[in-house]
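A.B. asks: I'm passing along data23.tsv; it holds TSV, C-alpha atoms.
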chain	number	residue	atom	x	y	z
H	89	MET	CA	1.71	-29.13	-17.01
H	90	ASN	CA	1.91	-30.55	-13.47
H	91	LYS	CA	3.22	-33.86	-14.83
H	92	SER	CA	5.93	-32.06	-16.80
H	93	ARG	CA	6.89	-29.99	-13.76
H	94	ASN	CA	7.10	-33.10	-11.57
H	95	ILE	CA	9.34	-34.85	-14.10
H	96	SER	CA	11.64	-31.81	-14.23
H	97	LEU	CA	11.76	-31.72	-10.43
H	98	ILE	CA	12.68	-35.43	-10.22
H	99	ILE	CA	15.43	-34.99	-12.81
H	100	CYS	CA	16.81	-31.97	-10.97
H	101	LEU	CA	16.85	-33.79	-7.62
H	102	PHE	CA	18.60	-36.79	-9.21
H	103	VAL	CA	21.27	-34.57	-10.72
H	104	CYS	CA	21.72	-32.77	-7.40
H	105	VAL	CA	22.33	-36.06	-5.58
H	106	ILE	CA	24.89	-37.49	-7.98
H	107	THR	CA	26.79	-34.28	-8.67
H	108	HIS	CA	26.63	-32.52	-5.27
H	109	ALA	CA	24.97	-29.58	-7.01
H	110	THR	CA	25.13	-26.12	-5.52
H	111	ASN	CA	22.05	-24.24	-4.40
H	112	LYS	CA	21.22	-20.89	-2.81
H	113	VAL	CA	18.25	-19.25	-1.11
H	114	TYR	CA	17.59	-15.59	-1.92
H	115	LEU	CA	15.46	-13.54	0.47
H	116	ILE	CA	13.66	-10.70	-1.32
H	117	HIS	CA	12.20	-7.88	0.76
H	118	GLY	CA	9.10	-5.84	0.01
H	119	TYR	CA	8.10	-2.27	-0.70
H	120	ALA	CA	9.77	0.57	1.24
H	121	SER	CA	12.16	-1.79	2.99
H	122	LEU	CA	15.91	-2.17	3.49
H	123	GLY	CA	15.71	-5.91	4.10
H	124	LEU	CA	16.56	-5.61	7.81
H	125	GLU	CA	13.24	-7.12	8.83
H	126	LEU	CA	14.27	-10.36	7.09
H	127	GLU	CA	17.36	-10.86	9.25
H	128	ASN	CA	15.58	-13.07	11.78
H	129	ILE	CA	14.37	-15.50	9.12
H	130	HIS	CA	17.70	-15.26	7.30
H	131	LYS	CA	19.57	-16.34	10.43
H	132	SER	CA	17.31	-19.38	10.81
H	133	ILE	CA	17.86	-20.37	7.18
H	134	LYS	CA	21.64	-20.13	7.56
H	135	ASN	CA	21.49	-22.19	10.75
H	136	GLU	CA	19.90	-24.97	8.71
H	137	GLY	CA	22.96	-25.01	6.46
H	138	PHE	CA	21.55	-23.14	3.46
H	139	GLU	CA	23.71	-20.80	1.40
H	140	SER	CA	21.60	-17.64	1.51
H	141	GLU	CA	21.49	-13.89	0.99
H	142	ILE	CA	19.10	-10.98	1.51
H	143	TYR	CA	18.81	-9.21	-1.83
H	144	VAL	CA	18.44	-5.46	-1.27
H	145	TYR	CA	17.09	-3.12	-3.94
H	146	PRO	CA	15.71	0.46	-4.06
H	147	SER	CA	11.99	-0.35	-3.96
H	148	LEU	CA	10.89	3.28	-3.78
H	149	SER	CA	12.78	4.44	-6.85
H	150	LYS	CA	13.16	1.43	-9.16
H	151	ASP	CA	10.22	-0.45	-10.67
H	152	ILE	CA	9.73	-4.19	-10.24
H	153	ASP	CA	10.60	-5.05	-13.84
H	154	SER	CA	14.00	-3.32	-13.64
H	155	VAL	CA	14.77	-4.97	-10.31
H	156	GLY	CA	13.79	-8.34	-11.78
H	157	VAL	CA	16.26	-7.90	-14.65
H	158	GLU	CA	19.08	-7.01	-12.25
H	159	LEU	CA	18.28	-9.96	-9.99
H	160	PHE	CA	18.10	-12.27	-13.03
H	161	ARG	CA	21.58	-11.20	-14.16
H	162	LYS	CA	23.01	-11.50	-10.65
H	163	ILE	CA	21.73	-15.08	-10.31
H	164	GLN	CA	23.04	-15.95	-13.76
H	165	LYS	CA	26.46	-14.62	-12.83
H	166	GLU	CA	26.59	-16.49	-9.52
H	167	ASN	CA	25.82	-19.69	-11.45
H	168	TYR	CA	24.28	-21.94	-8.81
H	169	ASP	CA	22.63	-25.14	-10.01
H	170	THR	CA	19.37	-24.54	-8.16
H	171	VAL	CA	17.87	-21.55	-6.37
H	172	SER	CA	14.98	-21.00	-3.99
H	173	PHE	CA	13.37	-17.81	-2.75
H	174	VAL	CA	11.80	-16.49	0.42
H	175	THR	CA	9.86	-13.32	-0.33
H	176	HIS	CA	7.94	-10.74	1.62
H	177	SER	CA	5.16	-8.65	0.10
H	178	MET	CA	6.27	-7.02	-3.18
H	179	GLY	CA	9.31	-9.29	-3.24
H	180	ALA	CA	7.02	-12.01	-4.58
H	181	LEU	CA	6.31	-9.92	-7.67
H	182	VAL	CA	10.04	-9.37	-8.20
H	183	VAL	CA	10.53	-13.14	-8.28
H	184	ARG	CA	7.52	-13.67	-10.53
H	185	SER	CA	9.02	-11.14	-12.96
H	186	LEU	CA	12.06	-13.42	-13.36
H	187	TYR	CA	9.93	-15.85	-15.33
H	188	GLU	CA	9.60	-13.26	-18.08
H	189	HIS	CA	13.28	-13.82	-18.87
H	190	ILE	CA	13.54	-17.59	-18.49
H	191	ASP	CA	13.30	-19.56	-21.73
H	192	SER	CA	15.04	-22.45	-23.50
H	193	LEU	CA	17.87	-20.13	-24.54
H	194	SER	CA	18.48	-18.67	-21.08
H	195	SER	CA	21.24	-20.00	-18.89
H	196	PHE	CA	19.50	-19.90	-15.52
H	197	PRO	CA	19.42	-22.18	-12.46
H	198	PHE	CA	16.47	-24.46	-11.77
H	199	ILE	CA	14.04	-22.64	-9.48
H	200	TYR	CA	13.23	-25.19	-6.78
H	201	ARG	CA	10.91	-23.63	-4.20
H	202	ILE	CA	9.45	-20.27	-3.28
H	203	VAL	CA	8.04	-19.29	0.11
H	204	MET	CA	5.87	-16.19	-0.29
H	205	ILE	CA	5.03	-14.27	2.88
H	206	ALA	CA	2.09	-11.84	2.49
H	207	PRO	CA	2.41	-11.60	-1.31
H	208	PRO	CA	0.18	-9.12	-3.21
H	209	ASN	CA	-0.32	-11.64	-6.00
H	210	ASN	CA	-3.65	-10.11	-7.00
H	211	GLY	CA	-2.89	-6.57	-5.92
H	212	SER	CA	-3.63	-4.55	-2.81
H	213	PRO	CA	-6.65	-2.36	-1.98
H	214	VAL	CA	-4.24	0.14	-0.42
H	215	ALA	CA	-2.35	0.45	-3.73
H	216	ASP	CA	-5.69	0.76	-5.56
H	217	PHE	CA	-6.55	3.75	-3.40
H	218	PHE	CA	-3.27	5.61	-3.89
H	219	ALA	CA	-3.08	4.80	-7.61
H	220	GLN	CA	-6.21	6.90	-8.17
H	221	PHE	CA	-4.09	10.01	-7.77
H	222	SER	CA	-1.55	10.49	-10.55
H	223	PHE	CA	0.70	12.69	-8.41
H	224	MET	CA	1.20	9.87	-5.87
H	225	LYS	CA	3.83	8.17	-8.03
H	226	PHE	CA	6.09	11.12	-7.33
H	227	ILE	CA	5.65	10.52	-3.59
H	228	VAL	CA	5.46	6.74	-3.20
H	229	GLY	CA	7.46	5.74	-6.28
H	230	PRO	CA	6.80	3.89	-9.55
H	231	ASN	CA	5.63	0.61	-8.04
H	232	VAL	CA	2.24	1.81	-6.83
H	233	LYS	CA	0.71	0.85	-10.21
H	234	ASN	CA	2.41	-2.58	-10.10
H	235	LEU	CA	0.78	-3.30	-6.75
H	236	THR	CA	-2.79	-2.59	-7.83
H	237	SER	CA	-5.47	-5.15	-8.68
H	238	ASN	CA	-5.61	-3.92	-12.30
H	239	SER	CA	-5.42	-7.02	-14.48
H	240	VAL	CA	-3.34	-5.28	-17.17
H	241	THR	CA	-0.96	-2.97	-15.31
H	242	GLY	CA	-1.11	-4.40	-11.78
H	243	ALA	CA	0.19	-7.43	-9.92
H	244	LYS	CA	-1.71	-9.97	-12.02
H	245	LYS	CA	0.40	-9.19	-15.09
H	246	TYR	CA	3.42	-11.05	-13.75
H	247	PRO	CA	3.99	-14.72	-14.75
H	248	ILE	CA	2.83	-17.51	-12.47
H	249	PRO	CA	5.74	-19.58	-11.08
H	250	THR	CA	6.13	-23.16	-12.30
H	251	CYS	CA	7.97	-24.37	-9.19
H	252	GLU	CA	6.69	-25.42	-5.76
H	253	VAL	CA	5.19	-22.45	-3.95
H	254	GLY	CA	4.30	-22.15	-0.28
H	255	LEU	CA	2.16	-19.19	0.76
H	256	ILE	CA	1.89	-17.62	4.21
H	257	ALA	CA	-0.69	-14.88	4.71
H	258	GLY	CA	-1.86	-12.77	7.62
H	259	SER	CA	-5.45	-13.34	8.68
H	260	TYR	CA	-7.42	-12.47	11.80
H	261	GLY	CA	-10.31	-14.72	10.87
H	262	ARG	CA	-13.00	-12.11	11.34
H	263	LYS	CA	-15.01	-9.56	9.38
H	264	ARG	CA	-12.62	-6.73	10.22
H	265	GLY	CA	-8.85	-7.02	10.10
H	266	PHE	CA	-5.81	-5.00	11.16
H	267	ASN	CA	-6.66	-1.98	8.98
H	268	ILE	CA	-10.11	-0.59	9.74
H	269	PHE	CA	-10.09	1.33	6.45
H	270	VAL	CA	-9.86	-1.89	4.42
H	271	LYS	CA	-13.10	-3.84	4.14
H	272	GLY	CA	-12.98	-7.40	5.40
H	273	ASP	CA	-10.30	-9.51	7.04
H	274	ASN	CA	-6.85	-8.09	6.28
H	275	ASP	CA	-3.26	-7.84	7.47
H	276	GLY	CA	-3.29	-4.07	7.12
H	277	VAL	CA	-2.41	-4.15	3.44
H	278	LEU	CA	-3.88	-7.32	1.90
H	279	LEU	CA	-6.99	-9.44	2.07
H	280	PRO	CA	-5.98	-13.09	2.68
H	281	GLU	CA	-7.70	-14.35	-0.47
H	282	GLN	CA	-5.86	-11.75	-2.59
H	283	THR	CA	-2.57	-13.46	-1.87
H	284	LYS	CA	-3.40	-16.69	-3.74
H	285	MET	CA	-2.50	-17.58	-7.32
H	286	GLY	CA	-4.19	-20.99	-7.32
H	287	ILE	CA	-1.04	-23.07	-7.87
H	288	GLU	CA	0.26	-23.13	-4.29
H	289	LYS	CA	1.44	-26.47	-2.94
H	290	ASP	CA	0.64	-25.39	0.60
H	291	VAL	CA	-1.05	-22.39	2.22
H	292	ALA	CA	-0.94	-21.21	5.83
H	293	PHE	CA	-2.79	-18.37	7.52
H	294	VAL	CA	-1.23	-16.78	10.60
H	295	LYS	CA	-2.84	-14.25	12.94
H	296	SER	CA	-0.53	-11.32	12.38
H	297	TRP	CA	-0.18	-8.02	10.56
H	298	HIS	CA	1.73	-7.50	7.31
H	299	VAL	CA	5.26	-6.86	8.62
H	300	GLY	CA	4.69	-8.63	11.92
H	301	LEU	CA	4.61	-11.94	10.05
H	302	LEU	CA	8.39	-11.67	9.62
H	303	TYR	CA	8.89	-11.70	13.40
H	304	ASN	CA	6.42	-14.49	14.09
H	305	LYS	CA	7.98	-17.72	15.40
H	306	ILE	CA	5.42	-19.89	13.64
H	307	VAL	CA	6.15	-18.21	10.31
H	308	LYS	CA	9.87	-18.86	10.79
H	309	LYS	CA	9.18	-22.56	11.38
H	310	TYR	CA	6.93	-22.69	8.32
H	311	VAL	CA	9.61	-21.14	6.11
H	312	ILE	CA	12.23	-23.70	7.14
H	313	SER	CA	9.75	-26.56	6.83
H	314	PHE	CA	8.80	-25.64	3.27
H	315	LEU	CA	12.37	-25.12	2.12
H	316	ILE	CA	13.29	-28.57	3.41
H	317	ASN	CA	10.10	-30.61	2.94
H	318	GLY	CA	7.99	-28.68	0.44
H	319	LYS	CA	5.12	-28.32	2.91
H	320	PHE	CA	4.17	-26.52	6.10
H	321	LYS	CA	4.36	-29.00	8.94
H	322	PRO	CA	2.28	-28.10	12.01
H	323	ALA	CA	4.30	-25.52	13.92
H	324	VAL	CA	4.83	-25.87	17.64
H	325	LYS	CA	4.07	-22.62	19.47
What is this structure when it is put down as structure tokens?

C.D. replies:
Amino acid sequence: MNKSRNISLIICLFVCVITHATNKVYLIHGYASLGLELENIHKSIKNEGFESEIYVYPSLSKDIDSVGVELFRKIQKENYDTVSFVTHSMGALVVRSLYEHIDSLSSFPFIYRIVMIAPPNNGSPVADFFAQFSFMKFIVGPNVKNLTSNSVTGAKKYPIPTCEVGLIAGSYGRKRGFNIFVKGDNDGVLLPEQTKMGIEKDVAFVKSWHVGLLYNKIVKKYVISFLINGKFKPAVK
């Protein structure tokens, strides 16, 4: 599978060089957000010359699968040759859901790279807690079940990306993390090890809380580095 993916990547890069192919970076925000917290990273991406956009969606009222369909259709309509993504938190699951609609019959750009910041790829213990109470979906919205660690109905159900993925997670490197009610090292919402899918090309842990990662200078450097080079170069503080 890796050999096939590498061949596809080489072909795509070759085509991009000889045809001046178009590409775009989509920034996908997380749960209960308006995307404003991504502006700092977005500005840095634009300064590097990337065509980019923060994709805003109603995360409290629309489930991940519906958002994924709408994003899929938007990208199809815009018709870029290649696309990359920078996601925060639940935004990673939105992008993973795109792969449910990509097949040999779909007209869809080549997905080049994804930078996932604090992704709940295996669910969140916070979501597990709230999902115990059926009435909570009326308060926190339909995505609480999609953010759990349940292997059937939770975050693990979404397809694993086949492109290059860089993962940035919050970690304090100690037995207790930002949230004292979550056992073990955590960023307030996730345990560092819960963020991994096992296919990441590069992984970086940064001492920061869940949303604070988006304002961290090192994280910003990592995002740009991965979009350009496909790896996290050592960041200068």

A.B. asks: Please, what distance in Å, to one decimal, runs between atom CA of Pro249 of chain H and atom CA of Pro280 of chain H?

C.D. replies: 19.2 Å

A.B. asks: To one decimal place, how far is atom CA of Leu148 of chain H from atom CA of Tyr200 of chain H in Å?

C.D. replies: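 Distance between the two atoms: 28.7 Å.
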
A.B. asks: Name all residues at most 6 Å from segment 121-136 of chain H (count all atoms listed in the file; drop same-chain ones fewer than 3 positions away) and give them as a list of chain:residue names.

C.D. replies: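 Using all atoms listed in the file, the neighbours found are H:His117, H:Gly118, H:Lys308.
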
A.B. asks: So what do you get for atom CA of Gly254 of chain H versus atom CA of Asn210 of chain H, distance-wise?

C.D. replies: 15.9 Å

A.B. asks: Quick one: everything within 8 Å of Phe196 of chain H, counting only C-alpha atoms, minus sequence neighbours fewer than 2 positions away in the same chain. Send it as a ChimeraX atom specification.

C.D. replies: /H:163-164,167,190,194,198

A.B. asks: Let me see the file: selected residues, C-alpha atoms, as a short mmCIF file (atom, residue, chain, number, x, y, z; two decimals), keeping the file's coordinate frame.

C.D. replies:
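Contents of again.cif, as written:
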data_model
loop_
_atom_site.label_atom_id
_atom_site.label_comp_id
_atom_site.auth_asym_id
_atom_site.auth_seq_id
_atom_site.Cartn_x
_atom_site.Cartn_y
_atom_site.Cartn_z
CA ILE H 163 21.73 -15.08 -10.31
CA GLN H 164 23.04 -15.95 -13.76
CA ASN H 167 25.82 -19.69 -11.45
CA ILE H 190 13.54 -17.59 -18.49
CA SER H 194 18.48 -18.67 -21.08
CA PHE H 198 16.47 -24.46 -11.77
#

A.B. asks: Compare H:Ser140, H:Thr250, H:Ser212, H:Asn231 by their minimum atom-to-atom distance to Asp275 of chain H, counting only C-alpha atoms, and give me the closest one.

C.D. replies: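 Result for the nearest residue to Asp275 of chain H: H:Ser212.
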
A.B. asks: Go through H:Glu141, H:Asp169, H:Asp273, H:Asp153 one by one, measure the shortest atom-to-atom distance of each to Glu188 of chain H using only C-alpha atoms, and give the residue with the smallest value.

C.D. replies: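 For Glu188 of chain H, the nearest of the candidates is H:Asp153.
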
A.B. asks: Might you pull out every residue within 7 Å of Val182 of chain H, with all atoms listed in the file counted and same-chain residues fewer than 5 positions away left off, and present them as a PyMOL selection string?

C.D. replies: chain H and resi 152+155-156

A.B. asks: Keeping only C-alpha atoms, write those residues as a short mmCIF file (atom, residue, chain, number, x, y, z; two decimals), in the coordinates of the input.

C.D. replies:
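As a result, part16.cif now contains:
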data_model
loop_
_atom_site.label_atom_id
_atom_site.label_comp_id
_atom_site.auth_asym_id
_atom_site.auth_seq_id
_atom_site.Cartn_x
_atom_site.Cartn_y
_atom_site.Cartn_z
CA ILE H 152 9.73 -4.19 -10.24
CA VAL H 155 14.77 -4.97 -10.31
CA GLY H 156 13.79 -8.34 -11.78
#

A.B. asks: Got a sec: who's within 12 Å of Lys309 of chain H, counting all atoms listed in the file, leaving out chain neighbours fewer than 2 positions off, as a PyMOL selection string?

C.D. replies: chain H and resi 128-130+132-133+136+203+256+292+294+301-307+311-317+319-325

A.B. asks: Create the file for the chosen residues now, containing C-alpha atoms and written as a PDB file, keeping the file's coordinate frame.

C.D. replies:
ATOM      1  CA  ASN H 128      15.580 -13.070  11.780  1.00  0.00           C
ATOM      2  CA  ILE H 129      14.370 -15.500   9.120  1.00  0.00           C
ATOM      3  CA  HIS H 130      17.700 -15.260   7.300  1.00  0.00           C
ATOM      4  CA  SER H 132      17.310 -19.380  10.810  1.00  0.00           C
ATOM      5  CA  ILE H 133      17.860 -20.370   7.180  1.00  0.00           C
ATOM      6  CA  GLU H 136      19.900 -24.970   8.710  1.00  0.00           C
ATOM      7  CA  VAL H 203       8.040 -19.290   0.110  1.00  0.00           C
ATOM      8  CA  ILE H 256       1.890 -17.620   4.210  1.00  0.00           C
ATOM      9  CA  ALA H 292      -0.940 -21.210   5.830  1.00  0.00           C
ATOM     10  CA  VAL H 294      -1.230 -16.780  10.600  1.00  0.00           C
ATOM     11  CA  LEU H 301       4.610 -11.940  10.050  1.00  0.00           C
ATOM     12  CA  LEU H 302       8.390 -11.670   9.620  1.00  0.00           C
ATOM     13  CA  TYR H 303       8.890 -11.700  13.400  1.00  0.00           C
ATOM     14  CA  ASN H 304       6.420 -14.490  14.090  1.00  0.00           C
ATOM     15  CA  LYS H 305       7.980 -17.720  15.400  1.00  0.00           C
ATOM     16  CA  ILE H 306       5.420 -19.890  13.640  1.00  0.00           C
ATOM     17  CA  VAL H 307       6.150 -18.210  10.310  1.00  0.00           C
ATOM     18  CA  VAL H 311       9.610 -21.140   6.110  1.00  0.00           C
ATOM     19  CA  ILE H 312      12.230 -23.700   7.140  1.00  0.00           C
ATOM     20  CA  SER H 313       9.750 -26.560   6.830  1.00  0.00           C
ATOM     21  CA  PHE H 314       8.800 -25.640   3.270  1.00  0.00           C
ATOM     22  CA  LEU H 315      12.370 -25.120   2.120  1.00  0.00           C
ATOM     23  CA  ILE H 316      13.290 -28.570   3.410  1.00  0.00           C
ATOM     24  CA  ASN H 317      10.100 -30.610   2.940  1.00  0.00           C
ATOM     25  CA  LYS H 319       5.120 -28.320   2.910  1.00  0.00           C
ATOM     26  CA  PHE H 320       4.170 -26.520   6.100  1.00  0.00           C
ATOM     27  CA  LYS H 321       4.360 -29.000   8.940  1.00  0.00           C
ATOM     28  CA  PRO H 322       2.280 -28.100  12.010  1.00  0.00           C
ATOM     29  CA  ALA H 323       4.300 -25.520  13.920  1.00  0.00           C
ATOM     30  CA  VAL H 324       4.830 -25.870  17.640  1.00  0.00           C
ATOM     31  CA  LYS H 325       4.070 -22.620  19.470  1.00  0.00           C
TER      32      LYS H 325
END

A.B. asks: Restricting the calculation to all atoms listed in the file: of H:Val299, H:Leu279, H:Val157, H:Met178, which residue gets closest to Ala243 of chain H?

C.D. replies: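 That would be H:Met178, the residue with the smallest distance to Ala243 of chain H.
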